[in-house]
$ cat protein-v4.cif   # mmCIF, C-alpha atoms and all ligand atoms
data_data
loop_
_atom_site.group_PDB
_atom_site.id
_atom_site.type_symbol
_atom_site.label_atom_id
_atom_site.label_comp_id
_atom_site.auth_asym_id
_atom_site.auth_seq_id
_atom_site.Cartn_x
_atom_site.Cartn_y
_atom_site.Cartn_z
ATOM 1 C CA MET A 1500 -27.709 20.863 -5.512
ATOM 2 C CA THR A 1501 -30.573 20.318 -7.897
ATOM 3 C CA PRO A 1502 -32.949 17.388 -7.343
ATOM 4 C CA ARG A 1503 -31.832 16.060 -10.732
ATOM 5 C CA ALA A 1504 -28.164 16.036 -9.681
ATOM 6 C CA ALA A 1505 -29.062 14.312 -6.423
ATOM 7 C CA LEU A 1506 -31.046 11.671 -8.312
ATOM 8 C CA THR A 1507 -28.174 11.116 -10.750
ATOM 9 C CA ALA A 1508 -25.833 10.493 -7.844
ATOM 10 C CA ILE A 1509 -28.307 8.212 -6.052
ATOM 11 C CA ASP A 1510 -28.895 6.248 -9.251
ATOM 12 C CA ALA A 1511 -25.146 5.731 -9.728
ATOM 13 C CA ILE A 1512 -24.987 4.052 -6.305
ATOM 14 C CA ARG A 1513 -28.185 2.027 -6.869
ATOM 15 C CA ARG A 1514 -26.946 0.754 -10.219
ATOM 16 C CA HIS A 1515 -23.622 -0.252 -8.686
ATOM 17 C CA PHE A 1516 -25.343 -2.092 -5.801
ATOM 18 C CA ALA A 1517 -27.652 -3.855 -8.286
ATOM 19 C CA ALA A 1518 -24.705 -4.929 -10.456
ATOM 20 C CA ARG A 1519 -22.814 -6.273 -7.449
ATOM 21 C CA LEU A 1520 -25.888 -8.217 -6.329
ATOM 22 C CA ALA A 1521 -26.435 -9.585 -9.845
ATOM 23 C CA SER A 1522 -22.782 -10.693 -10.073
ATOM 24 C CA GLY A 1523 -23.452 -13.506 -7.608
ATOM 25 C CA ARG A 1524 -19.917 -13.031 -6.261
ATOM 26 C CA GLU A 1525 -20.648 -11.198 -3.013
ATOM 27 C CA ALA A 1526 -20.666 -12.906 0.389
ATOM 28 C CA PRO A 1527 -24.171 -14.080 1.344
ATOM 29 C CA MET A 1528 -24.595 -11.537 4.160
ATOM 30 C CA ILE A 1529 -23.548 -8.665 1.903
ATOM 31 C CA ALA A 1530 -25.778 -9.874 -0.946
ATOM 32 C CA ALA A 1531 -28.761 -10.146 1.395
ATOM 33 C CA GLU A 1532 -28.225 -6.612 2.688
ATOM 34 C CA LEU A 1533 -27.736 -5.178 -0.822
ATOM 35 C CA GLU A 1534 -31.063 -6.756 -1.774
ATOM 36 C CA ASN A 1535 -32.686 -5.276 1.352
ATOM 37 C CA VAL A 1536 -31.291 -1.793 0.584
ATOM 38 C CA LEU A 1537 -32.452 -1.932 -3.045
ATOM 39 C CA THR A 1538 -35.936 -3.121 -2.039
ATOM 40 C CA LEU A 1539 -36.288 -0.312 0.515
ATOM 41 C CA LEU A 1540 -35.001 2.308 -1.959
ATOM 42 C CA ALA A 1541 -37.631 1.123 -4.447
ATOM 43 C CA GLY A 1542 -40.242 2.215 -1.891
ATOM 44 C CA VAL A 1543 -38.906 5.790 -1.565
ATOM 45 C CA ASP A 1544 -40.889 8.611 -3.192
ATOM 46 C CA PHE A 1545 -38.274 10.391 -5.322
ATOM 47 C CA SER A 1546 -40.820 12.766 -6.874
ATOM 48 C CA HIS A 1547 -41.079 15.197 -3.943
ATOM 49 C CA PRO A 1548 -37.638 16.248 -2.660
ATOM 50 C CA ASP A 1549 -37.378 18.451 0.405
ATOM 51 C CA GLU A 1550 -35.278 21.210 -1.128
ATOM 52 C CA LYS A 1551 -34.144 22.662 2.189
ATOM 53 C CA HIS A 1552 -31.895 19.590 2.453
ATOM 54 C CA LEU A 1553 -30.358 20.326 -0.954
ATOM 55 C CA GLN A 1554 -28.733 23.575 0.147
ATOM 56 C CA ALA A 1555 -24.939 23.758 -0.066
ATOM 57 C CA SER A 1556 -23.527 23.341 3.417
ATOM 58 C CA GLY A 1557 -20.276 25.262 3.015
ATOM 59 C CA HIS A 1558 -18.622 22.469 4.978
ATOM 60 C CA PRO A 1559 -14.787 22.600 5.007
ATOM 61 C CA VAL A 1560 -14.554 18.865 4.276
ATOM 62 C CA VAL A 1561 -14.972 19.782 0.589
ATOM 63 C CA GLU A 1562 -11.459 21.276 0.657
ATOM 64 C CA GLN A 1563 -10.162 17.927 1.949
ATOM 65 C CA LEU A 1564 -11.638 16.247 -1.146
ATOM 66 C CA ARG A 1565 -10.740 18.880 -3.715
ATOM 67 C CA HIS A 1566 -7.561 17.260 -4.942
ATOM 68 C CA THR A 1567 -8.734 13.665 -4.991
ATOM 69 C CA ASP A 1568 -7.683 12.072 -8.256
ATOM 70 C CA ILE A 1569 -10.331 9.842 -9.813
ATOM 71 C CA GLU A 1570 -7.626 8.135 -11.857
ATOM 72 C CA ASN A 1571 -6.701 6.366 -8.629
ATOM 73 C CA GLY A 1572 -10.183 4.894 -8.377
ATOM 74 C CA ASP A 1573 -11.492 1.485 -9.260
ATOM 75 C CA PRO A 1574 -13.157 1.659 -12.719
ATOM 76 C CA ALA A 1575 -16.380 0.226 -11.332
ATOM 77 C CA THR A 1576 -16.702 3.057 -8.807
ATOM 78 C CA ALA A 1577 -15.381 5.831 -11.090
ATOM 79 C CA ALA A 1578 -18.912 6.496 -12.395
ATOM 80 C CA ILE A 1579 -20.095 7.118 -8.852
ATOM 81 C CA PHE A 1580 -17.185 9.446 -8.184
ATOM 82 C CA GLN A 1581 -17.904 11.332 -11.401
ATOM 83 C CA ALA A 1582 -21.597 11.653 -10.483
ATOM 84 C CA PHE A 1583 -20.586 13.356 -7.251
ATOM 85 C CA GLN A 1584 -17.385 15.192 -8.140
ATOM 86 C CA ALA A 1585 -19.011 18.249 -9.697
ATOM 87 C CA GLN A 1586 -21.451 18.345 -6.788
ATOM 88 C CA LEU A 1587 -19.035 18.276 -3.856
ATOM 89 C CA ASP A 1588 -19.634 21.931 -2.981
ATOM 90 C CA ALA A 1589 -23.392 21.524 -3.268
ATOM 91 C CA LEU A 1590 -23.870 18.431 -1.110
ATOM 92 C CA PRO A 1591 -25.576 18.780 2.301
ATOM 93 C CA TRP A 1592 -22.499 17.826 4.380
ATOM 94 C CA ARG A 1593 -22.902 17.617 8.124
ATOM 95 C CA TYR A 1594 -21.146 16.331 11.229
ATOM 96 C CA SER A 1595 -23.373 15.795 14.231
ATOM 97 C CA TYR A 1596 -21.284 14.317 17.035
ATOM 98 C CA ALA A 1597 -20.584 16.420 20.102
ATOM 99 C CA PRO A 1598 -17.103 18.036 20.145
ATOM 100 C CA ARG A 1599 -14.185 15.824 21.217
ATOM 101 C CA PRO A 1600 -11.393 17.377 23.316
ATOM 102 C CA ASP A 1601 -8.914 14.842 21.864
ATOM 103 C CA ALA A 1602 -9.792 15.762 18.239
ATOM 104 C CA PRO A 1603 -10.890 19.395 18.243
ATOM 105 C CA ASP A 1604 -10.836 19.779 14.443
ATOM 106 C CA ILE A 1605 -12.482 16.471 13.489
ATOM 107 C CA GLY A 1606 -15.799 18.131 12.629
ATOM 108 C CA ALA A 1607 -14.044 20.197 9.938
ATOM 109 C CA ARG A 1608 -12.190 17.219 8.431
ATOM 110 C CA MET A 1609 -14.931 14.634 8.077
ATOM 111 C CA ALA A 1610 -18.631 14.753 7.309
ATOM 112 C CA TRP A 1611 -21.435 12.913 5.612
ATOM 113 C CA ALA A 1612 -24.014 14.005 3.080
ATOM 114 C CA GLU A 1613 -27.305 12.149 3.347
ATOM 115 C CA LEU A 1614 -29.500 12.037 0.248
ATOM 116 C CA VAL A 1615 -32.109 9.521 1.433
ATOM 117 C CA GLY A 1616 -33.148 9.190 5.080
ATOM 118 C CA PRO A 1617 -35.080 10.757 7.942
ATOM 119 C CA ILE A 1618 -33.177 14.083 7.541
ATOM 120 C CA ALA A 1619 -32.480 14.239 3.799
ATOM 121 C CA PRO A 1620 -33.853 15.607 0.542
ATOM 122 C CA PHE A 1621 -35.589 12.295 -0.187
ATOM 123 C CA HIS A 1622 -37.422 11.142 2.908
ATOM 124 C CA SER A 1623 -37.356 7.608 4.306
ATOM 125 C CA ASP A 1624 -37.693 6.204 7.812
ATOM 126 C CA LYS A 1625 -36.502 2.786 6.629
ATOM 127 C CA VAL A 1626 -33.323 3.346 4.627
ATOM 128 C CA CYS A 1627 -30.552 5.950 4.429
ATOM 129 C CA LEU A 1628 -28.227 6.520 1.502
ATOM 130 C CA GLY A 1629 -25.394 9.011 1.406
ATOM 131 C CA LEU A 1630 -21.689 9.685 1.253
ATOM 132 C CA THR A 1631 -19.096 9.764 4.003
ATOM 133 C CA ALA A 1632 -15.963 11.863 3.481
ATOM 134 C CA ILE A 1633 -12.869 11.648 5.683
ATOM 135 C CA GLY A 1634 -9.934 13.940 5.038
ATOM 136 C CA PRO A 1635 -6.345 12.659 4.875
ATOM 137 C CA ARG A 1636 -4.495 11.456 7.983
ATOM 138 C CA LEU A 1637 -7.559 11.335 10.173
ATOM 139 C CA LEU A 1638 -8.929 8.753 12.590
ATOM 140 C CA TYR A 1639 -12.713 8.460 12.674
ATOM 141 C CA PRO A 1640 -12.759 7.023 16.202
ATOM 142 C CA LEU A 1641 -14.556 3.882 17.377
ATOM 143 C CA HIS A 1642 -18.310 4.265 17.117
ATOM 144 C CA TYR A 1643 -21.495 2.193 16.843
ATOM 145 C CA HIS A 1644 -25.154 2.468 15.894
ATOM 146 C CA PRO A 1645 -28.136 0.102 15.801
ATOM 147 C CA ALA A 1646 -28.639 0.485 12.036
ATOM 148 C CA VAL A 1647 -27.083 -2.128 9.736
ATOM 149 C CA GLU A 1648 -24.534 -0.336 7.573
ATOM 150 C CA THR A 1649 -23.146 -1.127 4.130
ATOM 151 C CA TYR A 1650 -20.220 0.908 2.829
ATOM 152 C CA LEU A 1651 -18.922 1.028 -0.725
ATOM 153 C CA VAL A 1652 -15.441 2.543 -1.013
ATOM 154 C CA VAL A 1653 -15.584 5.073 -3.867
ATOM 155 C CA SER A 1654 -12.134 6.622 -3.522
ATOM 156 C CA GLY A 1655 -9.208 6.242 -1.144
ATOM 157 C CA THR A 1656 -7.735 3.193 0.580
ATOM 158 C CA ALA A 1657 -8.132 3.481 4.349
ATOM 159 C CA ALA A 1658 -7.684 1.204 7.383
ATOM 160 C CA TRP A 1659 -11.083 -0.094 8.446
ATOM 161 C CA THR A 1660 -11.557 -1.624 11.899
ATOM 162 C CA ALA A 1661 -14.614 -3.641 12.943
ATOM 163 C CA ALA A 1662 -14.928 -5.782 16.087
ATOM 164 C CA GLY A 1663 -11.219 -5.303 16.743
ATOM 165 C CA VAL A 1664 -9.995 -6.477 13.311
ATOM 166 C CA THR A 1665 -8.291 -3.922 11.038
ATOM 167 C CA ARG A 1666 -8.118 -4.336 7.250
ATOM 168 C CA SER A 1667 -7.174 -2.102 4.344
ATOM 169 C CA HIS A 1668 -10.065 -1.697 1.881
ATOM 170 C CA PRO A 1669 -9.465 -0.243 -1.620
ATOM 171 C CA PRO A 1670 -12.000 1.430 -3.933
ATOM 172 C CA GLY A 1671 -14.718 -1.017 -4.903
ATOM 173 C CA ALA A 1672 -14.717 -2.802 -1.531
ATOM 174 C CA LEU A 1673 -18.070 -3.467 0.125
ATOM 175 C CA ILE A 1674 -18.013 -3.482 3.943
ATOM 176 C CA LEU A 1675 -20.952 -4.659 6.082
ATOM 177 C CA HIS A 1676 -21.310 -3.469 9.673
ATOM 178 C CA PRO A 1677 -23.977 -5.441 11.551
ATOM 179 C CA ALA A 1678 -26.103 -3.599 14.122
ATOM 180 C CA ASN A 1679 -24.087 -2.148 17.006
ATOM 181 C CA ILE A 1680 -20.703 -3.522 15.905
ATOM 182 C CA VAL A 1681 -17.933 -1.168 17.063
ATOM 183 C CA HIS A 1682 -16.032 0.230 14.084
ATOM 184 C CA ALA A 1683 -13.543 2.924 13.051
ATOM 185 C CA MET A 1684 -11.730 4.165 9.957
ATOM 186 C CA GLU A 1685 -8.310 5.786 9.577
ATOM 187 C CA THR A 1686 -7.078 7.463 6.411
ATOM 188 C CA GLY A 1687 -3.514 7.766 5.161
ATOM 189 C CA ASP A 1688 -2.400 10.387 2.659
ATOM 190 C CA GLU A 1689 -5.558 9.967 0.562
ATOM 191 C CA PRO A 1690 -8.983 11.166 1.669
ATOM 192 C CA LEU A 1691 -11.723 8.544 1.826
ATOM 193 C CA LEU A 1692 -14.981 8.925 -0.030
ATOM 194 C CA ALA A 1693 -17.455 6.121 0.577
ATOM 195 C CA ALA A 1694 -21.130 5.618 -0.181
ATOM 196 C CA TYR A 1695 -23.153 4.229 2.705
ATOM 197 C CA ALA A 1696 -26.566 2.697 3.246
ATOM 198 C CA TRP A 1697 -28.329 2.190 6.576
ATOM 199 C CA THR A 1698 -31.288 -0.094 7.242
ATOM 200 C CA GLY A 1699 -33.121 -1.111 10.405
ATOM 201 C CA GLU A 1700 -33.093 1.433 13.236
ATOM 202 C CA VAL A 1701 -32.056 4.380 11.060
ATOM 203 C CA ALA A 1702 -33.391 7.148 13.301
ATOM 204 C CA THR A 1703 -30.847 6.488 16.086
ATOM 205 C CA LEU A 1704 -27.628 8.449 15.582
ATOM 206 C CA SER A 1705 -24.169 6.960 15.773
ATOM 207 C CA ALA A 1706 -22.323 7.357 19.090
ATOM 208 C CA TYR A 1707 -18.638 7.289 19.949
ATOM 209 C CA VAL A 1708 -17.587 4.400 22.202
ATOM 210 C CA ASP A 1709 -16.036 6.731 24.753
ATOM 211 C CA GLY A 1710 -19.282 8.651 25.107
ATOM 212 C CA ASN A 1711 -18.175 11.839 23.361
HETATM 213 FE FE FE A 1801 -21.005 3.299 10.887
#
$ encode --input "protein-v4.cif" --output "structure tokens" --more "lines below"
Ligand SMILES: [Fe+2]
Amino acid sequence: MTPRAALTAIDAIRRHFAARLASGREAPMIAAELENVLTLLAGVDFSHPDEKHLQASGHPVVEQLRHTDIENGDPATAAIFQAFQAQLDALPWRYSYAPRPDAPDIGARMAWAELVGPIAPFHSDKVCLGLTAIGPRLLYPLHYHPAVETYLVVSGTAAWTAAGVTRSHPPGALILHPANIVHAMETGDEPLLAAYAWTGEVATLSAYVDGN
């Protein structure tokens, strides 16, 4: 992935977050976190990418996304999908949990590609920005992390669980996970592609609730 392509994709997410904040229609907690994310991103040096984190990963999750139809997407998030679609092969996908005996193939069917963060082409110790991809008919099991997390659904309607409450969120939905809330996602026939931002304790990795 070229630095220019990565910046185009990052800018698509930033512009969407800024428009949602400016709309005045988001819940106060979500608006406050969008403002926090945008402020922290404004402090990132985008002029010196670490190109070793822009190498194509060859991750099999790309195959899970290959047939996603952007016509199913919300118009407001279609621009983000388009910014990424031609880059799916080139993104630095990874999956860093330990293997799970109850889901031996999960690491091949879901992954995330971080573009801003401690381990990313654009370095920050204060904010992460990236994409999460979950293939069809997959449970991303209950997990938690100390970072505050904002998700924007780009494509795919999945079942999202947080603090024991499950809701279906379509493209365009913004979902806020406060620090250490236990959460999970489960896809149906469609894969899920969602942009995410982390703030706060971003260096601590996510952990599964059952310790795997
Ligand atoms: Fe999370």
$ closest_residue --input "protein-v4.cif" --among "A:Thr1631, A:Ser1546, A:His1642, A:Phe1580" --to "Arg1593 (chain A)" --atoms "only C-alpha atoms"
A:Thr1631
$ residues_near_ligand --input "protein-v4.cif" --ligand "ligand FE 1801 (chain A)" --cutoff "10 Å" --atoms "all atoms listed in the file" --output "number ranges by chain"
A: 1631, 1639, 1641-1650, 1661, 1675-1684, 1695-1697, 1704-1706
$ resolve_selection --input "protein-v4.cif" --expression "the PyMOL selection byres (((chain A and resi 1617) around 12) and not hetatm)" --output "PyMOL selection string"
chain A and resi 1543+1549+1552+1613-1616+1618-1629+1697-1698+1700-1704
$ resolve_selection --input "protein-v4.cif" --expression "the PyMOL selection byres (((chain A and resi 1609) around 7) and not hetatm)" --output "list in words"
Val1560, Ile1605, Gly1606, Ala1607, Arg1608, Ala1610, Ala1632, Ile1633 and Gly1634 of chain A
$ closest_residue --input "protein-v4.cif" --among "A:Thr1660, A:Gln1554, A:Ser1654, A:Thr1686" --to "Ala1575 (chain A)" --atoms "only C-alpha atoms"
A:Ser1654
$ residues_around --input "protein-v4.cif" --residues "Ile1579 (chain A)" --least-positions-apart "4" --cutoff "8 Å" --atoms "all atoms listed in the file" --output "list in words"
Ala1508, Ala1511, Ile1512, Phe1583 and Val1653 of chain A
$ closest_residue --input "protein-v4.cif" --among "A:Glu1562, A:Asp1601, A:Glu1532, A:Asp1544" --to "Ala1517 (chain A)" --atoms "all atoms listed in the file"
A:Glu1532
$ atom_distance --input "protein-v4.cif" --atom1 "CA of Pro1527 (chain A)" --atom2 "CA of Ala1662 (chain A)"
19.3 Å
$ build_atoms --input "protein-v4.cif" --residues "region 1665-1676 of chain A" --atoms "N, CA and C atoms" --output "mmCIF file, in the frame of the given file"
data_model
loop_
_atom_site.group_PDB
_atom_site.id
_atom_site.type_symbol
_atom_site.label_atom_id
_atom_site.label_comp_id
_atom_site.auth_asym_id
_atom_site.auth_seq_id
_atom_site.Cartn_x
_atom_site.Cartn_y
_atom_site.Cartn_z
ATOM 1 N N THR A 1665 -8.571 -5.023 11.957
ATOM 2 C CA THR A 1665 -8.291 -3.922 11.038
ATOM 3 C C THR A 1665 -7.851 -4.475 9.689
ATOM 4 N N ARG A 1666 -8.468 -3.939 8.622
ATOM 5 C CA ARG A 1666 -8.118 -4.336 7.250
ATOM 6 C C ARG A 1666 -8.057 -3.093 6.383
ATOM 7 N N SER A 1667 -7.248 -3.162 5.334
ATOM 8 C CA SER A 1667 -7.174 -2.102 4.344
ATOM 9 C C SER A 1667 -8.185 -2.423 3.241
ATOM 10 N N HIS A 1668 -9.050 -1.465 2.916
ATOM 11 C CA HIS A 1668 -10.065 -1.697 1.881
ATOM 12 C C HIS A 1668 -9.885 -0.685 0.757
ATOM 13 N N PRO A 1669 -9.656 -1.149 -0.474
ATOM 14 C CA PRO A 1669 -9.465 -0.243 -1.620
ATOM 15 C C PRO A 1669 -10.799 0.151 -2.246
ATOM 16 N N PRO A 1670 -10.779 1.091 -3.200
ATOM 17 C CA PRO A 1670 -12.000 1.430 -3.933
ATOM 18 C C PRO A 1670 -12.654 0.178 -4.530
ATOM 19 N N GLY A 1671 -13.962 0.138 -4.434
ATOM 20 C CA GLY A 1671 -14.718 -1.017 -4.903
ATOM 21 C C GLY A 1671 -15.097 -1.982 -3.790
ATOM 22 N N ALA A 1672 -14.407 -1.876 -2.624
ATOM 23 C CA ALA A 1672 -14.717 -2.802 -1.531
ATOM 24 C C ALA A 1672 -16.099 -2.512 -0.953
ATOM 25 N N LEU A 1673 -16.808 -3.565 -0.614
ATOM 26 C CA LEU A 1673 -18.070 -3.467 0.125
ATOM 27 C C LEU A 1673 -17.800 -3.935 1.546
ATOM 28 N N ILE A 1674 -18.253 -3.170 2.532
ATOM 29 C CA ILE A 1674 -18.013 -3.482 3.943
ATOM 30 C C ILE A 1674 -19.358 -3.474 4.651
ATOM 31 N N LEU A 1675 -19.678 -4.557 5.358
ATOM 32 C CA LEU A 1675 -20.952 -4.659 6.082
ATOM 33 C C LEU A 1675 -20.690 -4.535 7.581
ATOM 34 N N HIS A 1676 -21.380 -3.612 8.221
ATOM 35 C CA HIS A 1676 -21.310 -3.469 9.673
ATOM 36 C C HIS A 1676 -22.662 -3.881 10.262
#
